[in-house]
file my_file_35.tsv (TSV, C-alpha atoms)
chain	number	residue	atom	x	y	z
A	32	MET	CA	144.93	-99.06	60.65
A	33	THR	CA	147.68	-101.59	60.44
A	34	SER	CA	147.23	-105.21	61.47
A	35	THR	CA	150.56	-106.40	62.69
A	36	TYR	CA	152.03	-107.71	65.88
A	37	VAL	CA	154.20	-106.32	68.67
A	38	ILE	CA	155.97	-108.70	71.03
A	39	LEU	CA	156.55	-107.58	74.62
A	40	ASP	CA	158.58	-109.11	77.39
A	41	ARG	CA	156.58	-109.06	80.63
A	42	ASP	CA	158.73	-108.46	83.73
A	43	GLY	CA	160.57	-105.15	83.50
A	44	VAL	CA	158.65	-104.02	80.41
A	45	ILE	CA	154.96	-104.20	81.38
A	46	ASN	CA	155.31	-104.74	85.11
A	47	VAL	CA	157.81	-103.91	87.82
A	48	ASP	CA	160.49	-106.61	87.92
A	49	SER	CA	161.90	-108.25	91.04
A	50	ASP	CA	165.08	-110.22	91.62
A	51	ASP	CA	162.90	-112.31	93.95
A	52	PHE	CA	160.49	-113.09	91.06
A	53	ILE	CA	156.85	-112.08	90.67
A	54	LYS	CA	155.23	-114.94	92.60
A	55	SER	CA	151.63	-113.78	93.06
A	56	PRO	CA	149.02	-111.50	91.51
A	57	GLN	CA	149.58	-109.10	94.43
A	58	GLU	CA	153.26	-108.72	93.45
A	59	TRP	CA	152.37	-107.96	89.81
A	60	LEU	CA	152.41	-104.14	89.56
A	61	PRO	CA	152.31	-102.30	86.23
A	62	ILE	CA	155.11	-99.90	85.36
A	63	PRO	CA	153.59	-96.40	85.07
A	64	GLY	CA	152.46	-95.84	81.49
A	65	SER	CA	152.77	-99.49	80.41
A	66	LEU	CA	149.04	-100.21	80.41
A	67	ASP	CA	148.46	-97.02	78.41
A	68	ALA	CA	151.18	-98.17	76.00
A	69	VAL	CA	149.38	-101.46	75.34
A	70	ALA	CA	146.13	-99.51	74.87
A	71	LEU	CA	147.87	-97.16	72.42
A	72	LEU	CA	149.19	-100.08	70.38
A	73	THR	CA	145.76	-101.74	70.44
A	74	ARG	CA	144.02	-98.56	69.25
A	75	HIS	CA	146.45	-98.38	66.34
A	76	GLY	CA	145.61	-101.91	65.24
A	77	TYR	CA	148.59	-103.76	66.68
A	78	LYS	CA	148.09	-107.20	68.18
A	79	VAL	CA	150.14	-107.40	71.37
A	80	ILE	CA	151.85	-110.69	72.24
A	81	VAL	CA	153.72	-111.35	75.48
A	82	ILE	CA	156.74	-113.69	75.45
A	83	SER	CA	158.29	-114.25	78.86
A	84	ASN	CA	160.72	-116.51	80.70
A	85	GLN	CA	159.03	-117.75	83.88
A	86	SER	CA	161.68	-119.89	85.55
A	87	GLY	CA	159.99	-119.36	88.92
A	88	ILE	CA	157.87	-122.38	87.95
A	89	ALA	CA	160.94	-124.64	87.55
A	90	ARG	CA	162.37	-123.18	90.76
A	91	GLY	CA	159.21	-124.14	92.66
A	92	LEU	CA	158.40	-120.53	93.58
A	93	PHE	CA	154.90	-120.66	92.07
A	94	ASP	CA	152.79	-123.05	90.03
A	95	LEU	CA	150.93	-122.83	86.73
A	96	SER	CA	147.64	-121.85	88.39
A	97	THR	CA	149.37	-118.94	90.15
A	98	LEU	CA	150.96	-117.88	86.86
A	99	ALA	CA	147.50	-118.02	85.25
A	100	ALA	CA	146.15	-115.77	88.04
A	101	ILE	CA	149.04	-113.32	87.52
A	102	HIS	CA	148.29	-113.24	83.80
A	103	GLN	CA	144.57	-112.80	84.47
A	104	LYS	CA	145.36	-109.72	86.58
A	105	MET	CA	147.58	-108.36	83.80
A	106	GLN	CA	144.90	-109.02	81.17
A	107	SER	CA	142.20	-107.39	83.31
A	108	LEU	CA	144.23	-104.24	83.97
A	109	VAL	CA	145.25	-103.97	80.32
A	110	SER	CA	141.62	-104.39	79.26
A	111	ALA	CA	140.43	-101.78	81.77
A	112	SER	CA	142.92	-99.37	80.16
A	113	GLY	CA	141.54	-100.03	76.69
A	114	GLY	CA	144.21	-102.46	75.54
A	115	LYS	CA	144.32	-106.12	74.66
A	116	ILE	CA	146.95	-108.83	74.88
A	117	GLU	CA	146.22	-111.37	72.16
A	118	ALA	CA	148.37	-114.20	73.51
A	119	ILE	CA	150.94	-115.02	76.17
A	120	TYR	CA	153.81	-117.42	75.54
A	121	PHE	CA	156.02	-118.40	78.46
A	122	CYS	CA	158.94	-120.69	79.19
A	123	PRO	CA	158.48	-122.54	82.51
A	124	HIS	CA	162.02	-123.97	82.49
A	125	GLY	CA	165.08	-123.03	84.50
A	126	PRO	CA	168.34	-121.64	83.11
A	127	LYS	CA	170.04	-125.07	83.17
A	128	ASP	CA	167.19	-127.06	81.56
A	129	ASN	CA	168.61	-126.57	78.05
A	130	CYS	CA	165.15	-126.13	76.53
A	131	LEU	CA	164.48	-124.48	73.19
A	132	CYS	CA	161.94	-121.98	74.52
A	133	ARG	CA	163.94	-120.03	77.12
A	134	LYS	CA	165.20	-116.69	75.86
A	135	PRO	CA	167.83	-115.98	74.49
A	136	LYS	CA	166.79	-118.93	72.32
A	137	PRO	CA	164.06	-118.00	69.82
A	138	GLY	CA	161.77	-120.99	70.43
A	139	LEU	CA	158.76	-119.04	71.74
A	140	PHE	CA	159.15	-116.45	68.98
A	141	ASN	CA	159.11	-119.28	66.43
A	142	ASP	CA	156.08	-120.89	68.12
A	143	PHE	CA	154.23	-117.57	67.96
A	144	ALA	CA	155.19	-117.10	64.29
A	145	ALA	CA	153.97	-120.60	63.43
A	146	ASP	CA	150.69	-120.10	65.33
A	147	SER	CA	149.93	-116.69	63.84
A	148	HIS	CA	151.64	-116.97	60.42
A	149	ALA	CA	153.44	-113.73	61.31
A	150	GLN	CA	156.49	-112.63	59.39
A	151	LEU	CA	158.83	-111.81	62.26
A	152	HIS	CA	161.03	-109.48	60.19
A	153	ASN	CA	158.07	-107.05	60.34
A	154	VAL	CA	157.51	-107.41	64.08
A	155	PHE	CA	158.93	-105.13	66.78
A	156	SER	CA	159.92	-106.85	70.01
A	157	VAL	CA	160.35	-104.83	73.21
A	158	GLY	CA	162.55	-106.10	76.03
A	159	ASP	CA	164.68	-104.94	78.94
A	160	SER	CA	167.46	-107.55	78.91
A	161	LEU	CA	170.17	-108.75	76.57
A	162	ARG	CA	168.49	-112.15	76.31
A	163	ASP	CA	165.29	-110.46	75.10
A	164	LEU	CA	167.26	-108.70	72.36
A	165	GLU	CA	169.17	-111.86	71.45
A	166	ALA	CA	165.99	-113.94	71.15
A	167	SER	CA	164.39	-111.25	69.00
A	168	LEU	CA	167.41	-111.07	66.70
A	169	ALA	CA	167.72	-114.86	66.49
A	170	ALA	CA	164.07	-115.06	65.42
A	171	GLY	CA	164.49	-112.28	62.88
A	172	ALA	CA	162.30	-109.74	64.68
A	173	LYS	CA	163.13	-106.05	65.30
A	174	PRO	CA	164.34	-105.57	68.89
A	175	LEU	CA	163.81	-102.44	70.96
A	176	LEU	CA	165.21	-101.90	74.46
A	177	VAL	CA	163.54	-100.06	77.32
A	178	LYS	CA	165.41	-98.59	80.29
A	179	THR	CA	162.86	-99.95	82.77
A	180	GLY	CA	163.42	-103.26	84.58
A	181	LYS	CA	166.92	-104.49	83.77
A	182	GLY	CA	167.27	-102.03	80.88
A	183	LEU	CA	169.79	-99.66	82.45
A	184	LYS	CA	171.97	-102.60	83.54
A	185	THR	CA	171.71	-104.04	80.03
A	186	ILE	CA	172.91	-100.73	78.57
A	187	ARG	CA	175.73	-100.42	81.11
A	188	ASP	CA	176.94	-104.01	80.60
A	189	ASN	CA	176.67	-103.89	76.78
A	190	PRO	CA	177.99	-100.53	75.55
A	191	GLN	CA	178.26	-101.94	72.02
A	192	LEU	CA	174.46	-102.20	71.63
A	193	THR	CA	173.03	-100.61	68.51
A	194	THR	CA	169.41	-101.44	69.36
A	195	PRO	CA	167.05	-98.44	69.61
A	196	ILE	CA	166.64	-97.53	73.31
A	197	PHE	CA	163.58	-95.95	74.95
A	198	GLU	CA	162.80	-94.64	78.43
A	199	ASN	CA	159.82	-96.98	78.83
A	200	LEU	CA	157.20	-99.01	76.98
A	201	TYR	CA	155.06	-95.96	76.24
A	202	ASP	CA	157.94	-94.26	74.43
A	203	ALA	CA	158.68	-97.48	72.53
A	204	ALA	CA	155.00	-97.80	71.57
A	205	THR	CA	154.96	-94.23	70.29
A	206	TYR	CA	158.02	-95.03	68.16
A	207	ILE	CA	156.44	-98.25	66.82
A	208	ILE	CA	153.30	-96.37	65.75
A	209	SER	CA	155.43	-93.70	64.04
A	210	GLN	CA	157.06	-96.41	61.91
A	211	SER	CA	153.81	-97.65	60.34
call {"tool": "encode", "arguments": {"input": "my_file_35.tsv", "output": "structure tokens"}}
result
Amino acid sequence: MTSTYVILDRDGVINVDSDDFIKSPQEWLPIPGSLDAVALLTRHGYKVIVISNQSGIARGLFDLSTLAAIHQKMQSLVSASGGKIEAIYFCPHGPKDNCLCRKPKPGLFNDFAADSHAQLHNVFSVGDSLRDLEASLAAGAKPLLVKTGKGLKTIRDNPQLTTPIFENLYDAATYIISQS
């Protein structure tokens, strides 16, 4: 068993994304196979970390207690499927706040690396948007793209991408395990 990390974006990778934002636990719905993917990674000794932009907070669409309830639902469903999310890092800022933590900047990746003493060049990072890939690359991690969420749009808008692409998180997880 390996003991390394995998970083996952949340919206569009683990759960169904919405242009109107995920504003309540009721709106948080797992993408088919994503909970099983986290369980698969967990069974193979990977520690799963979630890094997510949550600008709905800055926009006043939900507050920190609602975000905590959304994350509690995610954690509970992941746990019920046999998986575990070790930690969740999120940026509460809006796109114009010029913070260091909002992807595509690598701030949350660097915070995670400092907290865990992880060597990011050994860490796969799964996202569905260009900013996920850019943050991963800027931090020195190994980006993977899924077609769920904004993935197909990301592929269409960025035909030059050389990042490995997968149908969904389960396929990406299977690939990650095959690389160890």
call {"tool": "atom_distance", "arguments": {"input": "my_file_35.tsv", "atom1": "CA of Val79 in chain A", "atom2": "CA of Lys136 in chain A"}}
result
20.3 Å
call {"tool": "atom_distance", "arguments": {"input": "my_file_35.tsv", "atom1": "CA of Pro56 in chain A", "atom2": "CA of Asn129 in chain A"}}
result
28.1 Å
call {"tool": "residues_around", "arguments": {"input": "my_file_35.tsv", "residues": "Ala118 in chain A", "least_positions_apart": "6", "cutoff": "10 Å", "atoms": "all atoms listed in the file", "output": "number ranges by chain"}}
result
A: 38, 78-82, 106, 143
call {"tool": "closest_residue", "arguments": {"input": "my_file_35.tsv", "among": "A:Lys104, A:Lys54, A:Arg90, A:His148", "to": "Pro123 in chain A", "atoms": "all atoms listed in the file"}}
result
A:Arg90
call {"tool": "atom_distance", "arguments": {"input": "my_file_35.tsv", "atom1": "CA of Val109 in chain A", "atom2": "CA of Leu39 in chain A"}}
result
13.2 Å
call {"tool": "closest_residue", "arguments": {"input": "my_file_35.tsv", "among": "A:Leu98, A:Val37, A:Ala170, A:Leu183", "to": "Tyr206 in chain A", "atoms": "all atoms listed in the file"}}
result
A:Val37
call {"tool": "residues_around", "arguments": {"input": "my_file_35.tsv", "residues": "Ala172 in chain A", "least_positions_apart": "2", "cutoff": "12 Å", "atoms": "all atoms listed in the file", "output": "VMD selection string"}}
result
chain A and resid 36 to 39 137 140 to 141 143 to 144 149 to 158 163 to 170 174 to 175 194
call {"tool": "residues_around", "arguments": {"input": "my_file_35.tsv", "residues": "Ile45 in chain A", "least_positions_apart": "6", "cutoff": "10 Å", "atoms": "only C-alpha atoms", "output": "JSON, numbers by chain"}}
result
{"A": [39, 59, 60, 61, 62, 63, 64, 65, 66, 68, 69, 81, 105, 109, 157, 158, 179, 180, 199, 200, 201]}
call {"tool": "closest_residue", "arguments": {"input": "my_file_35.tsv", "among": "A:Thr73, A:Gln210, A:Ser83, A:Ser49", "to": "Leu139 in chain A", "atoms": "all atoms listed in the file"}}
result
A:Ser83
call {"tool": "closest_residue", "arguments": {"input": "my_file_35.tsv", "among": "A:Ala145, A:Leu108, A:Ile88, A:Leu161", "to": "Phe121 in chain A", "atoms": "all atoms listed in the file"}}
result
A:Ile88
call {"tool": "closest_residue", "arguments": {"input": "my_file_35.tsv", "among": "A:Leu95, A:Cys122, A:Ala100, A:Gly114", "to": "Asp142 in chain A", "atoms": "all atoms listed in the file"}}
result
A:Cys122
call {"tool": "closest_residue", "arguments": {"input": "my_file_35.tsv", "among": "A:Gly138, A:Val44, A:Thr35, A:Glu117", "to": "Gly171 in chain A", "atoms": "all atoms listed in the file"}}
result
A:Gly138
call {"tool": "axis_aligned_box", "arguments": {"input": "my_file_35.tsv", "around": "range 164-172 of chain A", "padding_each_side": "3 Å", "output": "AutoDock Vina command-line options"}}
result
--center_x 165.7 --center_y -111.9 --center_z 67.6 --size_x 12.9 --size_y 12.4 --size_z 15.5
